[in-house]
Amino acid sequence: MKDTILLFPATGMGHLVSMVELGKLILHQYGHQFSITILLINDPFDPPAITSYVNTISQTHPSITFHTLPHRSVDTAPTRSRAAIAFEFLSLYGSDFFDYLKHLPDSSKPRAIVIDYFCACALPVAREFGIPVFHFFTSGAAVLGAYLYLPTMHEENNTTQSFKDLPDTLLRFPGFPPLPATQMAKPFLDRNDPAYDYIIYFSEQLRKSDGILVNTFEALEPNALQVLADGSCVPKGTTPPVYCVGPLIANPDEGESQHACLTWLDSQPSKSVVFLCFGSRGSFSAEQVKEIAKGLENSGQRFLWVVKNPPKDNSKQSEEADEIDLECLMPEGFLERTRERGMVVKLWAPQVAVLKHPSVAGGGEGVPMVAWPLYAEQHMNRALLVGVMKMAIAVEERDEDRLVTGEELERSVRELMDTEVGRELRERSGKLREMAEEALGPRGTSAAALAKLAKLWSWSSQG
């Protein structure tokens with residue numbers, strides 16, 4: 001009988017897909033030893049795409065099974081922030097997690113549990129059962145260091161001021177470029193928001209992990225990994241062992257090859273298309289959509305653009321969208337004027353398949369980026385991609401309204417596609433892509449890290 005590794009992602013498609021990819025990686029290398037069970041939280045706001053995705057994975061990967069925990073209710077009063085509601089909702093599942101483990105027969109107890117950063121409620125519960133708990137951190141080693149350091153920064157901050165009220169303050173995390181306080185992720189910005197307290201708690205639990213699996217590879221972030229190793233991020237404690245197992249990238253499924261945008265890309269010249277996609281939650285105001293359109297049209301570049309309906313608030317995060325009327329959203333005549341060199345796709349495109357397509361700028365040489373942060377830790381990622389890794393060109397917002405003008409987008413796209421800076425970015429991205437493939441290869445560093453974990457988990461099943 002195979003030993004079970006239990007994975008516990010937070011709600012949302014992005015968290016689920018990342019954890020499934022980790023499970024697939026474990027099975028690809030060690031399917032003869034382990035099976036994977038993934039715990040799902042019953043969130044009534046999950047889009048139908050999640051159910052469809054789970055069904056597909058269940059059929060194509062029978063060694064991955066899913067178990068759904070019962071639904072819990074939480075106060076959704078409009079006076080509470082969305083982050084506070086979400087974090088409280090996730091934290092309610094400690095008792096359900098306990099009941100799940102309690103009713104498993106001893107022979108089926110998991111040999112290790114891998115949890116999302118936001119599923120910290122599971123750590124003390126698993127400890128009661130003597131099961132090792134690991135975190136899976138998807139944002140890279142440098143951002144991991146910053147999150148580990150947050151409780152120290154909170155402890156040493158003698159002021160009651162919130163980051164949102166410190167526009168001239170630069171935050172200094174170990175091994176990280178200085179970051180304006182107001183560019184921290186939204187849950188960090190207001191000390192009076194319960195979401196802030198949850199974030200500090202999540203980071204405190206992260207420090208207690210038996211190990212942290214990170215979606216990066218050693219050659220990509222050597223300096224950040226050295227900072228983690230020397231203990232600077234947990235100055236009054238011990239940094240958990242860090243295992244670089246990435247990069248984890250979802251493989252295109254068979255259905256993606258039929259998407260109309262891929263057929264369109266087939267007809268475009270090599271390395272000629274700019275791909276604009278802002279994540280599963282990213283969306284813009286109607287005014288910003290028109291500015292993007294203006295910038296793309298004036299840039300003269302070929303483009304593939306995934307568009308969502310504007311959000312109902314100013315969060316830049318989309319919810320389940322209604323039907324999109326492109327004619328109303330776009331500037332008058334835009335679709336007709338750009339139809340020979342551009343394609344606008346509603347809601348979703350097969351991102352991995354698009355990025356691998358030879359027509360997309362960079363193609364097989366790697367795909368450089370225009371870094372446009374919208375939510376979560378994306379400002380931190382931009383600081384790294386632009387300032388440290390030299391893999392992206394920054395796009396700047398206007399101070400007064402945080403709008404990116406069409407002129408600014410045109411400038412950044414032209415710089416990416418038509419200048420020596422863009423050429424150097426493509427060359428560097430290509431080299432990093434080769435290094436990533438080496439890391440995942442049989443003798444690579446990421447394969448070696450996963451081998452250490454497999455040995456550790458196998459040993460725990462004997463102990």
# chains A, B, ... in the order shown; residues from 1 in each chain; ligands from 1

$ select_by_dssp --residues "range 116-170 of chain A" --states "strand (DSSP E)" --output "MDAnalysis selection string"
chainID A and resid 116 133:137 170

$ select_by_dssp --residues "range 270-410 of chain A" --states "helix (DSSP H, G or I)" --output "PyMOL selection string"
chain A and resi 286-299+326-329+334-337+351-356+363-365+378-387+406-410

$ atom_distance --atom1 "CA of Phe118 in chain A" --atom2 "CA of Tyr198 in chain A"
8.9 Å

$ residues_around --residues "Trp459 in chain A" --least-positions-apart "4" --cutoff "12 Å" --atoms "only C-alpha atoms" --output "count of residues only"
10

$ residues_around --residues "range 339-352 of chain A" --least-positions-apart "6" --cutoff "6 Å" --atoms "only C-alpha atoms" --output "PyMOL selection string"
chain A and resi 256+302-308

$ atom_distance --atom1 "CA of Leu104 in chain A" --atom2 "CA of Ser209 in chain A"
22.8 Å

$ residues_around --residues "Ala371 in chain A" --least-positions-apart "5" --cutoff "12 Å" --atoms "only C-alpha atoms" --output "list in words"
Leu276, Cys277, Phe278, Gln378, His379, Met380, Asn381, Arg382, Ala383, Leu384, Leu385, Val386, Gly387, Lys390, Met391, Ala392, Ile393, Ala394, Val395, Glu396, Glu397, Val404, Leu409, Ser412, Val413 and Leu416 of chain A

$ atom_distance --atom1 "CA of Gly422 in chain A" --atom2 "CA of Met184 in chain A"
27.6 Å

$ residues_around --residues "Asp116 in chain A" --least-positions-apart "2" --cutoff "7 Å" --atoms "only C-alpha atoms" --output "list in words"
Phe8, Pro9, Ala10, Phe118, Cys119, His135, Phe136 and Phe137 of chain A

$ write_last_selection --atoms "N, CA and C atoms" --output "PDB file, in the first residue's frame"
ATOM      1  N   PHE A   8      -3.085  20.545   1.087  1.00  0.00           N
ATOM      2  CA  PHE A   8      -4.189  21.373   1.564  1.00  0.00           C
ATOM      3  C   PHE A   8      -4.047  22.788   0.991  1.00  0.00           C
ATOM      4  N   PRO A   9      -4.660  23.051  -0.191  1.00  0.00           N
ATOM      5  CA  PRO A   9      -4.583  24.386  -0.787  1.00  0.00           C
ATOM      6  C   PRO A   9      -5.637  25.328  -0.226  1.00  0.00           C
ATOM      7  N   ALA A  10      -5.391  26.621  -0.359  1.00  0.00           N
ATOM      8  CA  ALA A  10      -6.407  27.616  -0.058  1.00  0.00           C
ATOM      9  C   ALA A  10      -7.442  27.628  -1.175  1.00  0.00           C
ATOM     10  N   PHE A 118      -1.892  30.176   3.532  1.00  0.00           N
ATOM     11  CA  PHE A 118      -3.114  30.666   4.162  1.00  0.00           C
ATOM     12  C   PHE A 118      -3.870  29.591   4.939  1.00  0.00           C
ATOM     13  N   CYS A 119      -3.413  28.360   4.882  1.00  0.00           N
ATOM     14  CA  CYS A 119      -4.079  27.264   5.600  1.00  0.00           C
ATOM     15  C   CYS A 119      -3.357  26.930   6.903  1.00  0.00           C
ATOM     16  N   HIS A 135       5.080  23.572   4.286  1.00  0.00           N
ATOM     17  CA  HIS A 135       4.384  24.606   3.530  1.00  0.00           C
ATOM     18  C   HIS A 135       4.811  24.539   2.071  1.00  0.00           C
ATOM     19  N   PHE A 136       3.890  24.879   1.178  1.00  0.00           N
ATOM     20  CA  PHE A 136       4.227  25.079  -0.223  1.00  0.00           C
ATOM     21  C   PHE A 136       4.062  26.561  -0.522  1.00  0.00           C
ATOM     22  N   PHE A 137       5.160  27.215  -0.874  1.00  0.00           N
ATOM     23  CA  PHE A 137       5.178  28.661  -1.101  1.00  0.00           C
ATOM     24  C   PHE A 137       5.452  28.903  -2.580  1.00  0.00           C
TER      25      PHE A 137
END

$ closest_residue --among "A:Leu170, A:Leu355, A:Val143, A:Leu213" --to "Glu377 in chain A" --atoms "only C-alpha atoms"
A:Val143

$ residues_around --residues "range 431-442 of chain A" --least-positions-apart "2" --cutoff "12 Å" --atoms "only C-alpha atoms" --output "MDAnalysis selection string"
chainID A and resid 25 28:29 215:221 244:249 356 362:368 389:391 424:429 444:451

$ decode --residues "range 64-100 of chain A" --atoms "N, CA, C and O atoms" --output "compact mmCIF listing (two decimals), in the first residue's frame"
# COMPACT_ATOMS: atom_id res chain seq x y z
N ILE A 64 -4.38 10.80 -7.74
CA ILE A 64 -4.76 12.01 -7.00
C ILE A 64 -6.23 11.91 -6.67
O ILE A 64 -7.08 11.82 -7.56
N THR A 65 -6.55 11.91 -5.40
CA THR A 65 -7.95 11.90 -4.97
C THR A 65 -8.26 13.20 -4.24
O THR A 65 -7.37 13.86 -3.68
N PHE A 66 -9.53 13.57 -4.23
CA PHE A 66 -9.97 14.81 -3.61
C PHE A 66 -10.97 14.50 -2.50
O PHE A 66 -11.80 13.59 -2.64
N HIS A 67 -10.87 15.26 -1.42
CA HIS A 67 -11.85 15.16 -0.33
C HIS A 67 -12.29 16.58 0.01
O HIS A 67 -11.46 17.45 0.29
N THR A 68 -13.60 16.81 -0.01
CA THR A 68 -14.13 18.14 0.24
C THR A 68 -14.61 18.27 1.68
O THR A 68 -15.43 17.46 2.15
N LEU A 69 -14.11 19.26 2.36
CA LEU A 69 -14.54 19.54 3.73
C LEU A 69 -15.89 20.26 3.71
O LEU A 69 -16.22 20.93 2.73
N PRO A 70 -16.67 20.15 4.78
CA PRO A 70 -18.00 20.78 4.77
C PRO A 70 -17.92 22.30 4.73
O PRO A 70 -16.90 22.90 5.10
N HIS A 71 -19.00 22.91 4.27
CA HIS A 71 -19.03 24.36 4.14
C HIS A 71 -19.17 25.01 5.51
O HIS A 71 -19.91 24.54 6.38
N ARG A 72 -18.46 26.11 5.70
CA ARG A 72 -18.58 26.93 6.91
C ARG A 72 -19.07 28.32 6.53
O ARG A 72 -18.70 28.85 5.48
N SER A 73 -19.86 28.91 7.41
CA SER A 73 -20.37 30.27 7.16
C SER A 73 -19.51 31.29 7.88
O SER A 73 -18.96 31.02 8.96
N VAL A 74 -19.41 32.46 7.29
CA VAL A 74 -18.62 33.53 7.89
C VAL A 74 -19.36 34.85 7.67
O VAL A 74 -20.13 35.00 6.72
N ASP A 75 -19.14 35.78 8.56
CA ASP A 75 -19.78 37.09 8.48
C ASP A 75 -19.23 37.84 7.26
O ASP A 75 -18.04 38.13 7.18
N THR A 76 -20.10 38.15 6.32
CA THR A 76 -19.68 38.85 5.10
C THR A 76 -20.19 40.29 5.07
O THR A 76 -20.45 40.84 4.01
N ALA A 77 -20.31 40.90 6.25
CA ALA A 77 -20.80 42.27 6.31
C ALA A 77 -19.95 43.18 5.44
O ALA A 77 -18.72 43.05 5.39
N PRO A 78 -20.57 44.11 4.72
CA PRO A 78 -19.82 44.98 3.80
C PRO A 78 -18.80 45.88 4.49
O PRO A 78 -17.94 46.45 3.82
N THR A 79 -18.91 46.01 5.81
CA THR A 79 -17.93 46.82 6.53
C THR A 79 -16.59 46.10 6.70
O THR A 79 -15.59 46.71 7.08
N ARG A 80 -16.56 44.81 6.43
CA ARG A 80 -15.33 44.03 6.57
C ARG A 80 -14.61 43.94 5.22
O ARG A 80 -15.24 43.87 4.17
N SER A 81 -13.29 43.92 5.27
CA SER A 81 -12.54 43.81 4.02
C SER A 81 -12.68 42.40 3.45
O SER A 81 -12.92 41.43 4.17
N ARG A 82 -12.53 42.31 2.14
CA ARG A 82 -12.61 41.01 1.48
C ARG A 82 -11.54 40.07 2.01
O ARG A 82 -11.77 38.87 2.19
N ALA A 83 -10.35 40.60 2.27
CA ALA A 83 -9.26 39.75 2.77
C ALA A 83 -9.59 39.22 4.16
O ALA A 83 -9.35 38.04 4.46
N ALA A 84 -10.13 40.07 5.03
CA ALA A 84 -10.47 39.63 6.39
C ALA A 84 -11.51 38.52 6.35
O ALA A 84 -11.41 37.53 7.10
N ILE A 85 -12.49 38.66 5.49
CA ILE A 85 -13.53 37.63 5.35
C ILE A 85 -12.90 36.32 4.86
O ILE A 85 -13.16 35.24 5.40
N ALA A 86 -12.06 36.42 3.84
CA ALA A 86 -11.44 35.22 3.28
C ALA A 86 -10.54 34.52 4.29
O ALA A 86 -10.57 33.29 4.43
N PHE A 87 -9.75 35.29 5.04
CA PHE A 87 -8.81 34.70 5.99
C PHE A 87 -9.55 34.06 7.17
O PHE A 87 -9.16 33.00 7.65
N GLU A 88 -10.63 34.70 7.63
CA GLU A 88 -11.41 34.10 8.71
C GLU A 88 -12.07 32.81 8.22
O GLU A 88 -12.09 31.80 8.93
N PHE A 89 -12.58 32.84 7.00
CA PHE A 89 -13.21 31.65 6.41
C PHE A 89 -12.23 30.47 6.40
O PHE A 89 -12.56 29.37 6.83
N LEU A 90 -11.00 30.71 5.95
CA LEU A 90 -10.00 29.64 5.91
C LEU A 90 -9.63 29.17 7.31
O LEU A 90 -9.40 27.97 7.53
N SER A 91 -9.59 30.09 8.26
CA SER A 91 -9.18 29.73 9.62
C SER A 91 -10.22 28.92 10.37
O SER A 91 -9.92 28.33 11.41
N LEU A 92 -11.46 28.90 9.87
CA LEU A 92 -12.52 28.13 10.52
C LEU A 92 -12.35 26.62 10.35
O LEU A 92 -13.04 25.84 11.01
N TYR A 93 -11.46 26.22 9.44
CA TYR A 93 -11.41 24.82 9.05
C TYR A 93 -10.48 23.96 9.91
O TYR A 93 -10.29 22.78 9.61
N GLY A 94 -9.95 24.53 10.98
CA GLY A 94 -9.12 23.72 11.87
C GLY A 94 -9.87 22.55 12.47
O GLY A 94 -9.36 21.41 12.51
N SER A 95 -11.10 22.77 12.91
CA SER A 95 -11.87 21.69 13.53
C SER A 95 -12.27 20.63 12.50
O SER A 95 -12.27 19.43 12.81
N ASP A 96 -12.60 21.06 11.29
CA ASP A 96 -12.93 20.09 10.24
C ASP A 96 -11.70 19.27 9.85
O ASP A 96 -11.82 18.07 9.56
N PHE A 97 -10.56 19.91 9.84
CA PHE A 97 -9.32 19.21 9.53
C PHE A 97 -9.03 18.17 10.62
O PHE A 97 -8.62 17.04 10.33
N PHE A 98 -9.27 18.54 11.87
CA PHE A 98 -9.08 17.61 12.99
C PHE A 98 -10.00 16.40 12.82
O PHE A 98 -9.57 15.24 12.96
N ASP A 99 -11.28 16.65 12.53
CA ASP A 99 -12.24 15.54 12.37
C ASP A 99 -11.83 14.63 11.21
O ASP A 99 -11.97 13.40 11.30
N TYR A 100 -11.34 15.23 10.13
CA TYR A 100 -10.92 14.43 8.98
C TYR A 100 -9.79 13.48 9.37
O TYR A 100 -9.84 12.27 9.08
